[in-house]
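Here is the file final_31.csv (CSV, C-alpha atoms).
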```csv
chain,number,residue,atom,x,y,z
A,536,MET,CA,136.0,85.1,121.5
A,537,THR,CA,133.9,86.6,124.3
A,538,LEU,CA,137.0,87.6,126.2
A,539,PHE,CA,138.6,89.2,123.1
A,540,PHE,CA,135.6,91.5,122.7
A,541,LYS,CA,135.5,92.4,126.4
A,542,LYS,CA,139.1,93.5,126.1
A,543,SER,CA,138.4,95.5,123.0
A,544,PHE,CA,135.6,97.3,124.8
A,545,SER,CA,137.8,98.0,127.7
A,546,ILE,CA,140.2,99.8,125.4
A,547,ILE,CA,137.7,102.0,123.5
A,548,THR,CA,135.4,102.8,126.4
A,549,VAL,CA,137.0,105.6,128.3
A,550,ARG,CA,134.3,108.2,129.0
A,551,GLY,CA,131.1,106.2,128.8
A,552,ILE,CA,129.8,104.0,126.0
A,553,THR,CA,127.6,104.7,122.9
A,554,SER,CA,124.4,102.8,122.3
A,555,ILE,CA,126.0,100.6,119.7
A,556,GLN,CA,128.9,99.8,122.1
A,557,PHE,CA,126.4,99.0,124.9
A,558,TYR,CA,124.4,96.7,122.6
A,559,CYS,CA,127.4,94.8,121.5
A,560,PHE,CA,128.8,94.7,125.0
A,561,LYS,CA,125.5,93.4,126.4
A,562,TYR,CA,125.4,90.7,123.7
A,563,PHE,CA,128.9,89.4,124.4
A,564,THR,CA,128.5,89.6,128.1
A,565,GLU,CA,125.4,87.4,127.8
A,566,LEU,CA,127.6,84.8,126.0
A,567,MET,CA,130.0,84.5,129.0
A,568,ASN,CA,129.7,81.5,131.1
A,569,ILE,CA,130.2,82.6,134.7
A,570,PRO,CA,130.1,80.1,137.6
A,571,PRO,CA,127.2,80.9,139.9
A,572,GLN,CA,127.8,80.9,143.7
A,573,LYS,CA,126.6,77.3,144.1
A,574,LYS,CA,129.0,76.1,141.5
A,575,CYS,CA,131.8,78.0,143.3
A,576,PHE,CA,130.9,76.3,146.5
A,577,GLU,CA,130.9,73.0,144.8
A,578,LEU,CA,134.4,73.6,143.4
A,579,ILE,CA,135.7,74.7,146.8
A,580,GLU,CA,134.4,71.5,148.3
A,581,GLN,CA,135.8,69.3,145.5
A,582,MET,CA,139.2,70.9,145.8
A,583,ASN,CA,139.3,70.3,149.6
A,584,MET,CA,140.1,73.9,150.2
A,585,MET,CA,141.5,74.6,153.7
A,586,SER,CA,139.1,76.3,156.1
A,587,HIS,CA,141.2,79.5,156.5
A,588,ILE,CA,141.6,79.8,152.7
A,589,ILE,CA,137.8,79.6,152.3
A,590,ASP,CA,137.5,82.5,154.8
A,591,HIS,CA,140.1,84.4,153.0
A,592,SER,CA,138.4,83.8,149.6
A,593,ILE,CA,135.0,84.9,150.9
A,594,THR,CA,136.5,88.2,152.2
A,595,VAL,CA,138.3,88.8,148.9
A,596,ALA,CA,135.0,88.2,147.0
A,597,ASN,CA,133.2,90.7,149.2
A,598,VAL,CA,135.8,93.3,148.5
A,599,ALA,CA,135.7,92.6,144.8
A,600,TYR,CA,131.9,92.8,144.9
A,601,PHE,CA,132.0,96.2,146.6
A,602,LEU,CA,134.6,97.6,144.3
A,603,SER,CA,133.1,96.3,141.1
A,604,LYS,CA,129.6,97.6,142.1
A,605,LYS,CA,131.0,101.0,142.8
A,606,LEU,CA,133.3,101.2,139.8
A,607,LYS,CA,130.5,100.0,137.5
A,608,GLN,CA,129.0,103.5,137.9
A,609,ARG,CA,132.0,104.8,136.1
A,610,PHE,CA,132.8,101.8,133.9
A,611,PRO,CA,129.5,100.1,132.8
A,612,GLU,CA,131.4,97.3,131.1
A,613,ILE,CA,132.5,95.8,134.4
A,614,ASP,CA,130.7,92.5,135.2
A,615,ILE,CA,130.0,92.4,138.9
A,616,ASN,CA,129.2,88.6,138.9
A,617,LEU,CA,132.4,87.8,137.0
A,618,ALA,CA,134.6,89.7,139.4
A,619,THR,CA,132.9,88.3,142.4
A,620,SER,CA,133.0,84.7,141.2
A,621,ALA,CA,136.6,84.9,140.2
A,622,ALA,CA,137.5,86.4,143.5
A,623,LEU,CA,135.7,83.6,145.4
A,624,LEU,CA,137.7,81.0,143.4
A,625,HIS,CA,141.0,82.9,143.1
A,626,ASP,CA,142.8,80.4,145.4
A,627,ILE,CA,141.0,77.3,144.2
A,628,THR,CA,144.2,75.2,143.7
A,629,LYS,CA,146.2,76.8,146.6
A,630,THR,CA,145.5,74.0,149.1
A,631,ARG,CA,147.1,71.3,146.9
A,632,SER,CA,149.9,73.7,145.8
A,633,PHE,CA,151.4,73.4,149.3
A,634,LYS,CA,152.3,69.8,148.3
A,635,THR,CA,152.7,70.1,144.6
A,636,LYS,CA,154.6,73.5,144.7
A,637,GLU,CA,152.6,74.4,141.6
A,638,SER,CA,151.8,78.0,140.7
A,639,HIS,CA,148.3,78.2,142.1
A,640,SER,CA,147.4,81.3,140.0
A,641,ALA,CA,148.4,79.5,136.8
A,642,THR,CA,146.7,76.1,137.6
A,643,GLY,CA,143.7,77.8,139.0
A,644,GLY,CA,143.2,79.6,135.8
A,645,GLU,CA,143.7,76.5,133.8
A,646,LEU,CA,141.2,74.6,135.9
A,647,LEU,CA,138.4,77.1,135.4
A,648,THR,CA,139.2,77.5,131.7
A,649,GLY,CA,139.0,73.7,131.3
A,650,LEU,CA,135.7,73.6,133.0
A,651,GLY,CA,134.2,76.1,130.5
A,652,TYR,CA,134.8,79.4,132.4
A,653,PRO,CA,137.6,81.0,130.4
A,654,GLU,CA,136.9,84.6,131.5
A,655,THR,CA,136.9,83.5,135.1
A,656,GLY,CA,140.1,81.5,134.5
A,657,ASP,CA,141.8,84.5,132.9
A,658,ILE,CA,141.1,86.6,136.0
A,659,ILE,CA,142.3,83.9,138.4
A,660,ARG,CA,145.5,83.5,136.4
A,661,GLN,CA,146.3,87.2,136.9
A,662,HIS,CA,145.3,87.5,140.6
A,663,VAL,CA,149.0,87.5,141.7
A,664,ILE,CA,150.6,89.4,138.9
A,665,LEU,CA,148.7,91.2,136.2
A,666,ASP,CA,149.6,90.8,132.5
A,667,SER,CA,149.9,94.6,132.3
A,668,TYR,CA,149.7,97.6,134.6
A,669,THR,CA,148.3,100.7,132.9
A,670,MET,CA,147.0,103.9,134.5
A,671,ASN,CA,145.0,105.4,131.6
A,672,SER,CA,142.8,102.5,130.8
A,673,PRO,CA,139.3,101.6,132.3
A,674,VAL,CA,139.4,99.5,135.4
A,675,SER,CA,139.0,95.8,134.6
A,676,GLU,CA,137.8,92.8,136.5
A,677,GLN,CA,141.3,91.4,136.5
A,678,GLU,CA,142.5,94.6,138.3
A,679,ILE,CA,139.7,94.5,140.8
A,680,VAL,CA,140.4,90.9,141.9
A,681,ASN,CA,144.1,91.4,141.9
A,682,TYR,CA,143.8,94.4,144.1
A,683,SER,CA,141.1,92.9,146.3
A,684,ASP,CA,143.4,90.0,147.2
A,685,LYS,CA,146.2,92.4,148.1
A,686,ARG,CA,143.9,94.1,150.6
A,687,VAL,CA,143.0,90.9,152.5
A,688,LEU,CA,145.2,89.4,155.1
A,689,HIS,CA,143.8,86.0,156.2
A,690,ASP,CA,140.1,87.1,156.4
A,691,GLN,CA,140.6,90.7,157.4
A,692,VAL,CA,140.6,93.8,155.1
A,693,VAL,CA,143.9,95.6,155.9
A,694,LEU,CA,146.0,98.4,154.4
A,695,LEU,CA,148.4,97.5,151.6
A,696,GLU,CA,151.3,98.2,153.9
A,697,LYS,CA,150.2,95.5,156.3
A,698,ARG,CA,149.7,93.0,153.6
A,699,LEU,CA,153.1,93.8,152.1
A,700,ALA,CA,154.8,93.3,155.4
A,701,TYR,CA,153.2,89.8,155.7
A,702,ILE,CA,154.2,88.9,152.1
A,703,HIS,CA,157.7,90.2,152.6
A,704,LYS,CA,158.1,88.2,155.8
A,705,LYS,CA,156.7,85.0,154.3
A,706,TYR,CA,158.3,85.1,150.9
A,707,GLY,CA,161.0,87.8,151.0
A,708,THR,CA,163.8,85.5,152.1
A,709,GLN,CA,163.3,83.1,149.2
A,710,LYS,CA,165.9,83.5,146.4
A,711,GLY,CA,164.8,85.9,143.7
A,712,PHE,CA,161.5,86.8,145.4
A,713,LYS,CA,162.6,90.0,147.2
A,714,GLY,CA,163.2,91.9,144.0
A,715,ARG,CA,160.0,90.6,142.4
A,716,ILE,CA,158.0,91.5,145.5
A,717,LYS,CA,159.3,95.1,145.4
A,718,ILE,CA,158.5,95.6,141.8
A,719,MET,CA,155.0,94.0,142.2
A,720,TRP,CA,154.2,96.2,145.1
A,721,ALA,CA,155.2,99.4,143.4
A,722,LYS,CA,152.8,98.5,140.6
A,723,THR,CA,150.1,97.6,143.2
A,724,VAL,CA,150.4,101.0,144.8
A,725,ASN,CA,149.8,102.6,141.4
A,726,LEU,CA,146.9,100.3,140.9
A,727,GLU,CA,145.4,101.5,144.1
A,728,LYS,CA,145.7,105.1,143.0
A,729,LYS,CA,144.0,104.2,139.7
A,730,ILE,CA,141.1,102.4,141.3
A,731,PHE,CA,140.4,105.0,144.0
A,732,SER,CA,140.7,107.9,141.7
A,733,HIS,CA,137.3,106.8,140.5
A,734,LEU,CA,135.8,106.2,144.0
A,735,ASP,CA,134.4,108.6,146.6
A,736,ILE,CA,136.2,106.9,149.5
A,737,LYS,CA,139.8,106.6,150.5
A,738,PRO,CA,141.8,103.3,150.6
A,739,GLU,CA,141.8,103.4,154.4
A,740,GLU,CA,138.0,103.6,154.4
A,741,LEU,CA,137.6,100.4,152.4
A,742,SER,CA,137.2,98.0,155.3
A,743,GLN,CA,134.3,100.0,156.9
A,744,ASN,CA,132.4,100.0,153.6
A,745,ILE,CA,132.5,96.3,152.8
A,746,GLU,CA,129.1,94.6,152.9
A,747,LEU,CA,128.9,90.8,153.5
A,748,LYS,CA,127.4,89.8,150.1
A,749,ILE,CA,128.8,86.3,150.7
A,750,LYS,CA,129.0,84.8,154.2
A,751,ARG,CA,130.7,81.6,155.5
A,752,LEU,CA,127.3,80.6,156.6
A,753,ASP,CA,126.1,80.6,153.0
A,754,TYR,CA,128.8,78.0,152.2
A,755,GLU,CA,127.9,75.9,155.3
A,756,LYS,CA,124.2,75.9,154.4
A,757,TRP,CA,125.1,74.8,150.9
A,758,LEU,CA,127.3,72.1,152.3
A,759,GLU,CA,124.6,70.8,154.5
A,760,SER,CA,122.0,70.7,151.7
A,761,ALA,CA,124.5,69.1,149.3
A,762,TYR,CA,125.1,66.1,151.5
```

Structure re-expressed in structure tokens:
Amino acid sequence: MTLFFKKSFSIITVRGITSIQFYCFKYFTELMNIPPQKKCFELIEQMNMMSHIIDHSITVANVAYFLSKKLKQRFPEIDINLATSAALLHDITKTRSFKTKESHSATGGELLTGLGYPETGDIIRQHVILDSYTMNSPVSEQEIVNYSDKRVLHDQVVLLEKRLAYIHKKYGTQKGFKGRIKIMWAKTVNLEKKIFSHLDIKPEELSQNIELKIKRLDYEKWLESAY
């Protein structure tokens, strides 16, 4: 129910929100169950996430944190904690997917939903391909995390072109993937235009503006205290 109402507010909130909308949005946001950072670290450890995927996920989370914080000035309904936590966990089942060949976006979403975090799960489910791509709607947490992942190669923030080259090289030779990658990337380019039309920086300036909200050291310290 919470997710339904958030989607409803995303549709009707275009140029700011009224006091009634804000009250209702605040109420339903408070009902959301978002995994805190320590819980995210716990899940990362439980799922035996590979070290390089941890580094990638932390960088994606920092990008999502920056974008959601900046975009919240334009779209107050954006939940920074939700976007950041979902970004940190977006590859939560990717390590095991190398053996199982499962769709890590689908199973990652199912895992978080099953643990009682349906909003987080919904974002993770869409981090590879969004359910819909629209230019005239408010920017959502799903779009922020999806785009943030497309800007991070390994643990570095790079331009879309460089990330596309990597994806094309790694997956483009697989049957049926080349056409899908081309379509997805055209939509991602439009998503970038949508996001940055509301920001005061250019896409190429993103890397120099990212602050390290979450550090690998934070995870290492948690790991040390947990055992």

I want to know what sits within 6 Å of Gly644 in chain A, based on all atoms listed in the file, with residues of the same chain fewer than 4 positions away left out; could you give that as a PyMOL selection string? chain A and resi 656-657+659-660

Can you list every residue of range 574-663 of chain A that has an atom at most 6 Å from range 680-694 of chain A, with its nearest atom pair and the distance in Å to one decimal, using only C-alpha atoms, ordered by chain then number, as a tab-separated table?
```
residue	atom	partner	partner_atom	distance
A:Asp590	CA	A:Asp690	CA	5.5
A:His591	CA	A:Asp690	CA	4.3
A:Thr594	CA	A:Asp690	CA	5.6
A:Val595	CA	A:Asp684	CA	5.5
A:Val598	CA	A:Ser683	CA	5.8
A:Ala599	CA	A:Ser683	CA	5.6
A:Ala622	CA	A:Val680	CA	5.6
A:His662	CA	A:Asn681	CA	4.3
```

Atom pair CA of Lys573 in chain A / CA of Lys750 in chain A: separation (Å): 12.8 Å

Best match for closeness to Tyr762 in chain A among A:Glu577, A:Leu617, A:Ser742, A:Ser672, counting only C-alpha atoms: A:Glu577

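CA of Leu602 in chain A is positioned 17.0 Å from CA of Met670 in chain A.
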
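Taking CA of Trp720 in chain A and CA of Met582 in chain A as the two end points, the separation is 29.4 Å.
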